[in-house]
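Engineer: Input work25.cif, format and content: mmCIF, C-alpha atoms and all ligand atoms.
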```cif
data_final
loop_
_atom_site.label_atom_id
_atom_site.label_comp_id
_atom_site.auth_asym_id
_atom_site.auth_seq_id
_atom_site.Cartn_x
_atom_site.Cartn_y
_atom_site.Cartn_z
CA MET A 1 44.11 116.47 -132.12
CA GLU A 2 46.76 118.88 -133.34
CA PHE A 3 49.07 119.21 -130.39
CA ASP A 4 52.17 119.63 -132.34
CA ARG A 5 50.81 123.23 -132.08
CA GLY A 6 50.00 124.76 -128.72
CA ILE A 7 47.44 127.11 -127.22
CA TRP A 8 48.15 130.80 -126.76
CA LEU A 9 46.18 131.95 -123.71
CA THR A 10 45.86 135.74 -123.42
CA GLY A 11 44.62 137.44 -120.24
CA ALA A 12 46.17 134.48 -118.44
CA ASP A 13 46.43 136.33 -115.10
CA GLY A 14 42.70 137.18 -114.96
CA MET A 15 39.95 135.25 -113.24
CA LEU A 16 39.04 132.99 -116.15
CA GLY A 17 42.57 132.94 -117.57
CA ARG A 18 44.02 131.40 -114.40
CA GLN A 19 41.24 128.84 -114.34
CA LEU A 20 41.83 127.91 -117.97
CA ALA A 21 45.59 127.63 -117.48
CA ALA A 22 44.93 125.08 -114.72
CA ALA A 23 42.40 123.19 -116.85
CA PHE A 24 44.81 123.04 -119.82
CA ALA A 25 47.58 121.72 -117.55
CA GLU A 26 45.21 119.09 -116.17
CA GLU A 27 44.27 118.02 -119.70
CA GLY A 28 47.95 117.95 -120.74
CA LEU A 29 47.47 120.69 -123.33
CA PRO A 30 50.60 122.77 -124.10
CA CYS A 31 49.98 126.43 -123.38
CA HIS A 32 51.82 129.73 -123.97
CA ALA A 33 50.46 132.30 -121.54
CA SER A 34 50.50 136.09 -121.75
CA ASP A 35 48.77 138.98 -120.01
CA ARG A 36 49.39 142.75 -119.84
CA GLU A 37 53.01 142.41 -120.98
CA VAL A 38 51.70 141.46 -124.44
CA ASP A 39 49.13 144.20 -124.98
CA ILE A 40 46.40 142.98 -127.34
CA ARG A 41 45.92 146.58 -128.54
CA ASP A 42 49.42 146.45 -130.01
CA ARG A 43 49.66 144.40 -133.22
CA HIS A 44 53.46 144.45 -133.17
CA ALA A 45 53.56 143.11 -129.62
CA LEU A 46 51.22 140.30 -130.67
CA GLU A 47 53.32 139.44 -133.74
CA GLY A 48 56.44 139.53 -131.59
CA PHE A 49 55.01 137.05 -129.11
CA ALA A 50 53.70 134.71 -131.81
CA ARG A 51 56.96 134.70 -133.77
CA GLY A 52 58.76 131.39 -133.43
CA ARG A 53 55.88 129.77 -131.54
CA ARG A 54 53.70 127.07 -133.08
CA ILE A 55 50.16 128.11 -132.24
CA GLY A 56 47.11 126.00 -133.08
CA TRP A 57 44.59 127.85 -130.90
CA ILE A 58 44.30 131.33 -129.45
CA VAL A 59 42.11 131.51 -126.35
CA ASN A 60 41.41 135.12 -125.48
CA CYS A 61 40.68 136.04 -121.88
CA ALA A 62 42.21 139.52 -122.14
CA ALA A 63 39.46 142.06 -121.68
CA TYR A 64 38.48 145.41 -120.26
CA THR A 65 36.00 144.27 -117.59
CA ALA A 66 35.39 147.38 -115.45
CA VAL A 67 31.67 147.67 -116.24
CA ASP A 68 31.00 150.93 -114.38
CA ARG A 69 34.27 152.65 -115.36
CA ALA A 70 33.53 151.95 -119.03
CA GLU A 71 30.68 154.49 -118.84
CA ASP A 72 33.31 157.21 -118.37
CA GLU A 73 35.97 155.82 -120.71
CA PRO A 74 34.15 153.98 -123.51
CA ASP A 75 37.10 154.36 -125.88
CA ALA A 76 39.38 152.51 -123.48
CA ALA A 77 36.87 149.64 -123.33
CA LEU A 78 36.55 149.57 -127.12
CA ALA A 79 40.32 149.62 -127.63
CA VAL A 80 40.68 146.31 -125.76
CA ASN A 81 37.31 144.62 -126.24
CA ALA A 82 36.84 145.47 -129.93
CA ALA A 83 40.12 146.58 -131.57
CA GLY A 84 42.25 144.25 -129.42
CA VAL A 85 40.03 141.29 -130.22
CA GLU A 86 40.23 142.09 -133.92
CA ASN A 87 44.04 142.23 -133.72
CA LEU A 88 44.19 138.79 -132.16
CA ALA A 89 41.58 137.31 -134.48
CA ARG A 90 43.43 138.60 -137.56
CA LEU A 91 46.63 137.06 -136.29
CA ALA A 92 44.84 133.75 -135.65
CA ALA A 93 43.27 133.77 -139.11
CA GLY A 94 46.63 134.56 -140.73
CA ARG A 95 48.27 131.62 -138.99
CA GLY A 96 45.43 129.14 -139.43
CA ALA A 97 44.83 129.04 -135.67
CA ARG A 98 41.38 128.47 -134.19
CA PHE A 99 40.08 131.16 -131.87
CA ILE A 100 38.13 130.97 -128.61
CA HIS A 101 36.66 134.17 -127.23
CA PHE A 102 34.34 135.15 -124.38
CA SER A 103 31.52 137.65 -124.31
CA THR A 104 28.75 138.51 -121.92
CA ASP A 105 25.03 138.47 -121.17
CA TYR A 106 25.39 142.28 -121.03
CA VAL A 107 25.15 142.37 -124.84
CA PHE A 108 21.40 141.88 -124.27
CA ALA A 109 18.91 144.39 -122.89
CA GLY A 110 17.20 141.86 -120.63
CA ASP A 111 13.72 143.05 -121.51
CA ARG A 112 12.21 139.65 -122.25
CA PRO A 113 11.56 136.81 -119.82
CA GLY A 114 12.49 133.70 -121.82
CA PRO A 115 16.01 132.27 -122.08
CA TYR A 116 18.12 133.95 -124.76
CA ARG A 117 19.27 131.80 -127.67
CA GLU A 118 22.38 132.60 -129.67
CA ASP A 119 20.51 134.06 -132.66
CA GLU A 120 18.66 136.77 -130.72
CA PRO A 121 19.79 140.28 -131.67
CA PRO A 122 22.01 142.00 -129.07
CA ARG A 123 20.97 145.36 -127.66
CA PRO A 124 23.47 146.34 -124.97
CA LEU A 125 22.44 148.88 -122.35
CA SER A 126 25.94 149.74 -121.13
CA ARG A 127 29.12 150.89 -122.82
CA TYR A 128 30.91 147.78 -121.58
CA GLY A 129 28.18 145.66 -123.21
CA TRP A 130 28.51 147.71 -126.39
CA SER A 131 32.29 147.23 -126.49
CA LYS A 132 31.91 143.45 -126.04
CA TRP A 133 29.33 143.31 -128.84
CA GLN A 134 31.62 145.29 -131.15
CA GLY A 135 34.33 142.74 -130.36
CA GLU A 136 31.99 139.92 -131.37
CA LEU A 137 31.25 141.62 -134.69
CA ARG A 138 34.89 142.37 -135.44
CA LEU A 139 35.92 138.82 -134.63
CA ALA A 140 33.28 137.38 -136.99
CA ALA A 141 34.34 139.83 -139.71
CA VAL A 142 37.96 138.65 -139.85
CA HIS A 143 37.93 134.97 -138.84
CA ASP A 144 35.57 132.08 -139.41
CA ARG A 145 37.10 129.30 -137.29
CA PHE A 146 36.07 130.61 -133.90
CA PHE A 147 34.08 129.66 -130.84
CA LEU A 148 32.46 132.57 -129.06
CA PHE A 149 31.04 131.87 -125.61
CA ARG A 150 28.68 134.35 -124.00
CA VAL A 151 28.67 133.74 -120.26
CA SER A 152 26.97 135.50 -117.32
CA TRP A 153 27.89 136.32 -113.71
CA LEU A 154 31.25 134.58 -113.94
CA TYR A 155 32.89 133.59 -110.65
CA GLY A 156 35.50 131.13 -109.48
CA VAL A 157 38.25 130.44 -106.99
CA HIS A 158 40.37 133.23 -108.45
CA GLY A 159 39.09 136.69 -107.72
CA PRO A 160 38.00 139.32 -107.73
CA ASN A 161 34.37 138.41 -108.30
CA PHE A 162 30.97 138.72 -106.63
CA VAL A 163 31.37 135.65 -104.41
CA HIS A 164 34.77 136.79 -103.12
CA THR A 165 33.36 140.25 -102.45
CA MET A 166 30.39 138.87 -100.50
CA LEU A 167 32.62 136.60 -98.42
CA ARG A 168 34.90 139.49 -97.57
CA LEU A 169 32.00 141.75 -96.57
CA PHE A 170 30.41 138.99 -94.48
CA ARG A 171 33.69 138.20 -92.75
CA GLU A 172 34.46 141.84 -92.05
CA GLY A 173 31.02 142.11 -90.41
CA GLY A 174 29.96 145.16 -92.40
CA GLY A 175 27.17 143.32 -94.20
CA ALA A 176 26.02 143.85 -97.76
CA ARG A 177 23.21 145.52 -99.69
CA VAL A 178 22.41 143.51 -102.81
CA VAL A 179 19.86 144.04 -105.57
CA ASN A 180 16.90 141.67 -105.66
CA ASP A 181 15.40 142.81 -108.96
CA GLN A 182 18.13 141.75 -111.41
CA PHE A 183 17.88 138.13 -112.45
CA GLY A 184 20.23 135.79 -114.27
CA SER A 185 22.44 132.73 -113.85
CA PRO A 186 25.94 132.43 -112.40
CA THR A 187 28.69 130.71 -114.37
CA TYR A 188 31.18 128.67 -112.36
CA ALA A 189 34.55 129.26 -114.03
CA ALA A 190 36.04 125.86 -113.14
CA LEU A 191 33.33 123.93 -114.97
CA LEU A 192 33.44 126.32 -117.92
CA ALA A 193 37.23 125.87 -118.09
CA ALA A 194 36.99 122.07 -117.93
CA ASN A 195 34.46 122.16 -120.76
CA ILE A 196 36.75 124.38 -122.87
CA ALA A 197 39.79 122.17 -122.26
CA GLY A 198 37.72 119.16 -123.33
CA LEU A 199 36.57 121.01 -126.44
CA ILE A 200 40.14 121.79 -127.48
CA ALA A 201 41.32 118.26 -126.74
CA SER A 202 38.51 116.91 -128.92
CA GLY A 203 39.65 119.05 -131.89
CA SER A 204 36.05 120.14 -132.48
CA GLU A 205 35.26 122.12 -135.61
CA ARG A 206 31.70 123.01 -134.59
CA PHE A 207 32.51 126.69 -134.72
CA GLY A 208 30.04 129.42 -133.83
CA VAL A 209 28.39 131.40 -131.06
CA TYR A 210 27.36 129.58 -127.88
CA HIS A 211 25.67 130.56 -124.65
CA TYR A 212 26.83 128.99 -121.42
CA CYS A 213 25.88 129.40 -117.74
CA ASP A 214 24.89 127.27 -114.76
CA ARG A 215 21.34 125.91 -114.58
CA GLY A 216 18.80 127.97 -112.63
CA VAL A 217 17.60 131.57 -112.48
CA ILE A 218 18.21 133.73 -109.42
CA SER A 219 18.60 137.33 -108.32
CA TRP A 220 21.92 138.75 -107.10
CA PHE A 221 20.32 138.80 -103.64
CA ASP A 222 19.55 135.04 -103.88
CA PHE A 223 23.17 134.49 -104.90
CA ALA A 224 24.46 136.48 -101.93
CA ALA A 225 22.14 134.60 -99.54
CA ALA A 226 23.45 131.28 -100.85
CA VAL A 227 27.06 132.47 -100.41
CA ARG A 228 26.16 133.33 -96.80
CA ASP A 229 24.45 129.98 -96.13
CA LEU A 230 26.93 127.69 -97.89
CA GLY A 231 29.85 129.79 -96.64
CA ARG A 232 28.64 129.37 -93.09
CA ALA A 233 28.13 125.63 -93.57
CA ALA A 234 31.69 125.42 -94.95
CA GLY A 235 33.07 127.19 -91.88
CA ARG A 236 34.11 130.24 -93.90
CA ILE A 237 31.83 132.73 -92.18
CA GLU A 238 31.36 133.14 -88.46
CA GLY A 239 29.07 135.43 -86.51
CA PRO A 240 25.98 137.26 -87.68
CA VAL A 241 25.75 138.60 -91.20
CA ALA A 242 23.69 141.59 -92.29
CA LEU A 243 22.36 141.08 -95.80
CA GLU A 244 19.86 143.60 -97.11
CA ALA A 245 17.81 143.37 -100.31
CA VAL A 246 17.67 146.63 -102.29
CA SER A 247 16.16 147.65 -105.60
CA THR A 248 18.25 148.65 -108.61
CA ALA A 249 16.78 152.15 -108.27
CA ALA A 250 18.26 152.41 -104.76
CA TYR A 251 21.65 151.13 -105.81
CA SER A 252 23.96 153.60 -107.46
CA GLY A 253 25.88 151.55 -110.04
CA ARG A 254 27.17 153.81 -112.82
CA ALA A 255 26.35 151.47 -115.73
CA PRO A 256 22.80 150.39 -116.55
CA ARG A 257 22.42 146.63 -116.18
CA PRO A 258 19.83 144.31 -117.70
CA ALA A 259 16.95 143.33 -115.39
CA ARG A 260 16.85 139.73 -116.54
CA VAL A 261 19.09 137.82 -118.92
CA VAL A 262 18.92 134.05 -118.82
CA LEU A 263 21.23 132.44 -121.34
CA ASN A 264 20.04 129.20 -122.91
CA SER A 265 22.97 126.74 -122.77
CA GLY A 266 21.15 124.08 -124.81
CA LYS A 267 23.24 124.49 -127.97
CA ALA A 268 26.54 124.08 -126.08
CA GLU A 269 25.15 120.97 -124.37
CA ARG A 270 23.86 119.41 -127.57
CA GLU A 271 26.55 120.36 -130.07
CA LEU A 272 29.68 120.51 -127.91
CA GLY A 273 28.72 118.05 -125.18
CA PHE A 274 29.27 120.72 -122.51
CA LEU A 275 28.36 119.74 -118.99
CA VAL A 276 25.91 122.15 -117.32
CA ARG A 277 25.24 121.89 -113.59
CA ASP A 278 22.84 123.50 -111.18
CA TRP A 279 24.17 126.82 -109.85
CA ARG A 280 23.86 125.77 -106.20
CA GLN A 281 25.75 122.55 -106.79
CA ASN A 282 28.53 124.59 -108.42
CA LEU A 283 28.63 127.04 -105.52
CA GLY A 284 29.05 124.07 -103.17
CA GLU A 285 31.91 122.90 -105.39
CA PHE A 286 33.45 126.38 -105.18
CA PHE A 287 33.69 126.05 -101.39
CA ARG A 288 35.16 122.55 -101.62
CA GLU A 289 37.67 123.77 -104.23
CA THR A 290 38.78 126.78 -102.18
CA ALA A 291 39.24 124.48 -99.16
CA ARG A 292 41.42 122.15 -101.26
CA ARG A 293 43.47 125.05 -102.63
CA PRO A 294 44.16 127.41 -99.73
CA GLY A 295 46.24 129.68 -101.98
CA ALA A 296 43.14 130.47 -104.03
CA LYS A 297 41.02 131.45 -101.00
CA PRO A 298 39.40 134.85 -101.27
N1 LIG A 301 33.60 138.58 -114.82
C1 LIG A 301 32.35 138.38 -115.27
O1 LIG A 301 31.36 138.39 -114.51
C2 LIG A 301 32.11 138.12 -116.74
C3 LIG A 301 30.81 137.91 -117.14
C4 LIG A 301 30.58 137.64 -118.47
C5 LIG A 301 31.63 137.61 -119.36
N2 LIG A 301 32.90 137.86 -118.96
C6 LIG A 301 33.98 137.82 -119.95
O2 LIG A 301 34.84 136.73 -119.64
C7 LIG A 301 36.19 137.05 -120.04
C8 LIG A 301 37.14 136.84 -118.87
O3 LIG A 301 36.73 137.71 -117.82
P1 LIG A 301 37.51 137.79 -116.43
O4 LIG A 301 36.51 138.11 -115.39
O5 LIG A 301 38.43 136.62 -116.29
O6 LIG A 301 38.39 139.10 -116.69
P2 LIG A 301 39.60 139.70 -115.80
O7 LIG A 301 39.70 138.96 -114.51
O8 LIG A 301 39.37 141.18 -115.77
O9 LIG A 301 40.88 139.35 -116.66
C9 LIG A 301 41.22 140.03 -117.84
C10 LIG A 301 42.74 140.01 -117.94
O10 LIG A 301 43.11 140.69 -119.16
C11 LIG A 301 44.13 141.62 -118.83
N3 LIG A 301 44.14 142.71 -119.80
C12 LIG A 301 43.40 143.84 -119.78
N4 LIG A 301 43.70 144.61 -120.83
C13 LIG A 301 44.65 143.96 -121.55
C14 LIG A 301 45.36 144.26 -122.72
N5 LIG A 301 45.16 145.42 -123.39
N6 LIG A 301 46.26 143.37 -123.20
C15 LIG A 301 46.48 142.20 -122.53
N7 LIG A 301 45.85 141.86 -121.39
C16 LIG A 301 44.93 142.74 -120.90
C17 LIG A 301 43.78 142.07 -117.44
O11 LIG A 301 44.83 142.75 -116.81
P3 LIG A 301 44.45 143.85 -115.66
O12 LIG A 301 43.85 143.08 -114.54
O13 LIG A 301 45.78 144.46 -115.35
O14 LIG A 301 43.47 144.79 -116.29
C18 LIG A 301 43.41 140.75 -116.80
O15 LIG A 301 44.55 140.03 -116.34
C19 LIG A 301 36.13 138.49 -120.55
O16 LIG A 301 36.01 138.47 -121.95
C20 LIG A 301 34.87 139.05 -119.94
O17 LIG A 301 34.33 140.09 -120.71
C21 LIG A 301 33.17 138.11 -117.65
#
```
Do you think you could lay out the structure here as structure tokens?
Ligand SMILES: NC(=O)c1ccc[n+]([C@@H]2O[C@H](COP(=O)([O-])OP(=O)(O)OC[C@H]3O[C@@H](n4cnc5c(N)ncnc54)[C@H](OP(=O)(O)O)[C@@H]3O)[C@@H](O)[C@H]2O)c1
Structural biologist:
Amino acid sequence: MEFDRGIWLTGADGMLGRQLAAAFAEEGLPCHASDREVDIRDRHALEGFARGRRIGWIVNCAAYTAVDRAEDEPDAALAVNAAGVENLARLAAGRGARFIHFSTDYVFAGDRPGPYREDEPPRPLSRYGWSKWQGELRLAAVHDRFFLFRVSWLYGVHGPNFVHTMLRLFREGGGARVVNDQFGSPTYAALLAANIAGLIASGSERFGVYHYCDRGVISWFDFAAAVRDLGRAAGRIEGPVALEAVSTAAYSGRAPRPARVVLNSGKAERELGFLVRDWRQNLGEFFRETARRPGAKP
């Protein structure tokens, strides 16, 4: 373990960033955190932050994540998700720091039924997906000591995310219309973060691309129904809830989304020892975790 040098966590105020900061603290890993105030599009800002700090790992959670808005401003998405990632990766390579980055199931078209392995060629449908794929390519072009995790349907105690949105709609009594013809697997951020903290603590050098998500394949509608049922059992939803299944064609999202992407987490399990749990078990854990940490409640 090389903890004479710390971790630089970018995007530390985002959903995954906050979860990782907590996991690093729990694991006793020293962490320098930054978010918007150190813009990853700005090489000088990055150099300025790194100066004088001993950095052994950069963990990048900074990202442009507005999937629909990216259709109208693809350059803004690329500036963060591709050029910004390259800036950070160059800095990491120059300082001999390992790099951890996150990408998305949206780099795939979702036009095949089987689980996607890491070596399948990306074909993003949306501009967000394209920008994330460009980031992957630019990272691999400038650094070779990196872990790249593609994850899907990320949610956790820190919002905003799909589960928080459903809970809010159910509590407000307005109900929700949710697509039942897009399939995939949720990723519970707390378990992902614990796995990443363990990876860093282990000093692993098994660099490369990895897929990671919870076990099980569901539609967004199934996910919403489980939030309703487990949320009610946890005392977080009272009164009747209107939940309607709709088709993608009837739902007016701006960005095209893949119909079915199931990521195969086998490589991360085998090579990194990552723990993968059933999606429903993780959703149950989400409700227990939010009850334990009232400040993180949606
Ligand atoms: N959420 C999902 O369902 C999902 C699914 C698959 C993969 N991923 C990937 O997982 C990673 C983490 O996602 P997340 O949901 O935690 O994202 P998030 O909540 O949107 O957090 C991203 C953070 O980065 C900040 N940021 C944006 N532009 C920046 C810049 N130029 N310089 C520095 N910081 C900047 C954001 O600030 P602002 O809030 O002010 O913009 C935010 O605090 C991302 O790489 C994402 O693509 C997410």
Engineer: Need the shell around region 99-114 of chain A: protein/DNA/RNA residues with any atom at most 8 Å away, counting all atoms listed in the file. Skip same-chain ones fewer than 6 positions apart. Format as a VMD selection string?
Structural biologist: chain A and resid 57 to 61 89 92 121 to 126 128 to 130 132 to 133 136 145 to 152 257 to 263
Engineer: Step by step, measure atom-to-atom distances between ligand LIG 301 (chain A) and each residue using only C-alpha atoms and all ligand atoms, keep those at most 6 Å, then write them as a PyMOL selection string.
Structural biologist: chain A and resi 11+13-17+35-36+38-41+61-65+80+102-104+151-154
Engineer: Please indicate the distance in Å from CA of Leu167 (chain A) to CA of Asp278 (chain A), rounded to one decimal place.
Structural biologist: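 Calculated distance between CA of Leu167 (chain A) and CA of Asp278 (chain A) is 20.7 Å.
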Engineer: So how many Å separate CA of Arg117 (chain A) and CA of Asn264 (chain A), to one decimal?
Structural biologist: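 CA of Arg117 (chain A) sits 5.5 Å away from CA of Asn264 (chain A).
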Engineer: Find the residue from A:Leu230, A:Ala224, A:Ile196, A:Glu269 that sits nearest to Ala23 (chain A); use all atoms listed in the file when measuring.
Structural biologist: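 That would be A:Ile196, the residue with the smallest distance to Ala23 (chain A).
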Engineer: Output as a compact mmCIF listing (two decimals), in the frame of the given file: region 236-247 of chain A, completed with N, CA and C atoms.
Structural biologist:
```
# COMPACT_ATOMS: atom_id res chain seq x y z
N ARG A 236 33.39 129.09 -93.37
CA ARG A 236 34.11 130.24 -93.90
C ARG A 236 33.56 131.57 -93.38
N ILE A 237 32.41 131.51 -92.74
CA ILE A 237 31.83 132.73 -92.18
C ILE A 237 31.41 132.42 -90.74
N GLU A 238 31.79 133.30 -89.85
CA GLU A 238 31.36 133.14 -88.46
C GLU A 238 30.63 134.40 -88.03
N GLY A 239 29.77 134.25 -87.04
CA GLY A 239 29.07 135.43 -86.51
C GLY A 239 27.93 135.84 -87.40
N PRO A 240 27.16 136.83 -86.93
CA PRO A 240 25.98 137.26 -87.68
C PRO A 240 26.37 138.03 -88.95
N VAL A 241 25.50 137.94 -89.92
CA VAL A 241 25.75 138.60 -91.20
C VAL A 241 24.55 139.47 -91.53
N ALA A 242 24.80 140.71 -91.90
CA ALA A 242 23.69 141.59 -92.29
C ALA A 242 23.63 141.62 -93.81
N LEU A 243 22.54 141.09 -94.35
CA LEU A 243 22.36 141.08 -95.80
C LEU A 243 21.02 141.74 -96.10
N GLU A 244 21.08 142.83 -96.85
CA GLU A 244 19.86 143.60 -97.11
C GLU A 244 19.53 143.59 -98.60
N ALA A 245 18.26 143.33 -98.91
CA ALA A 245 17.81 143.37 -100.31
C ALA A 245 17.48 144.81 -100.67
N VAL A 246 18.00 145.27 -101.83
CA VAL A 246 17.67 146.63 -102.29
C VAL A 246 17.24 146.56 -103.76
N SER A 247 16.57 147.61 -104.19
CA SER A 247 16.16 147.65 -105.60
C SER A 247 17.28 148.30 -106.42
```
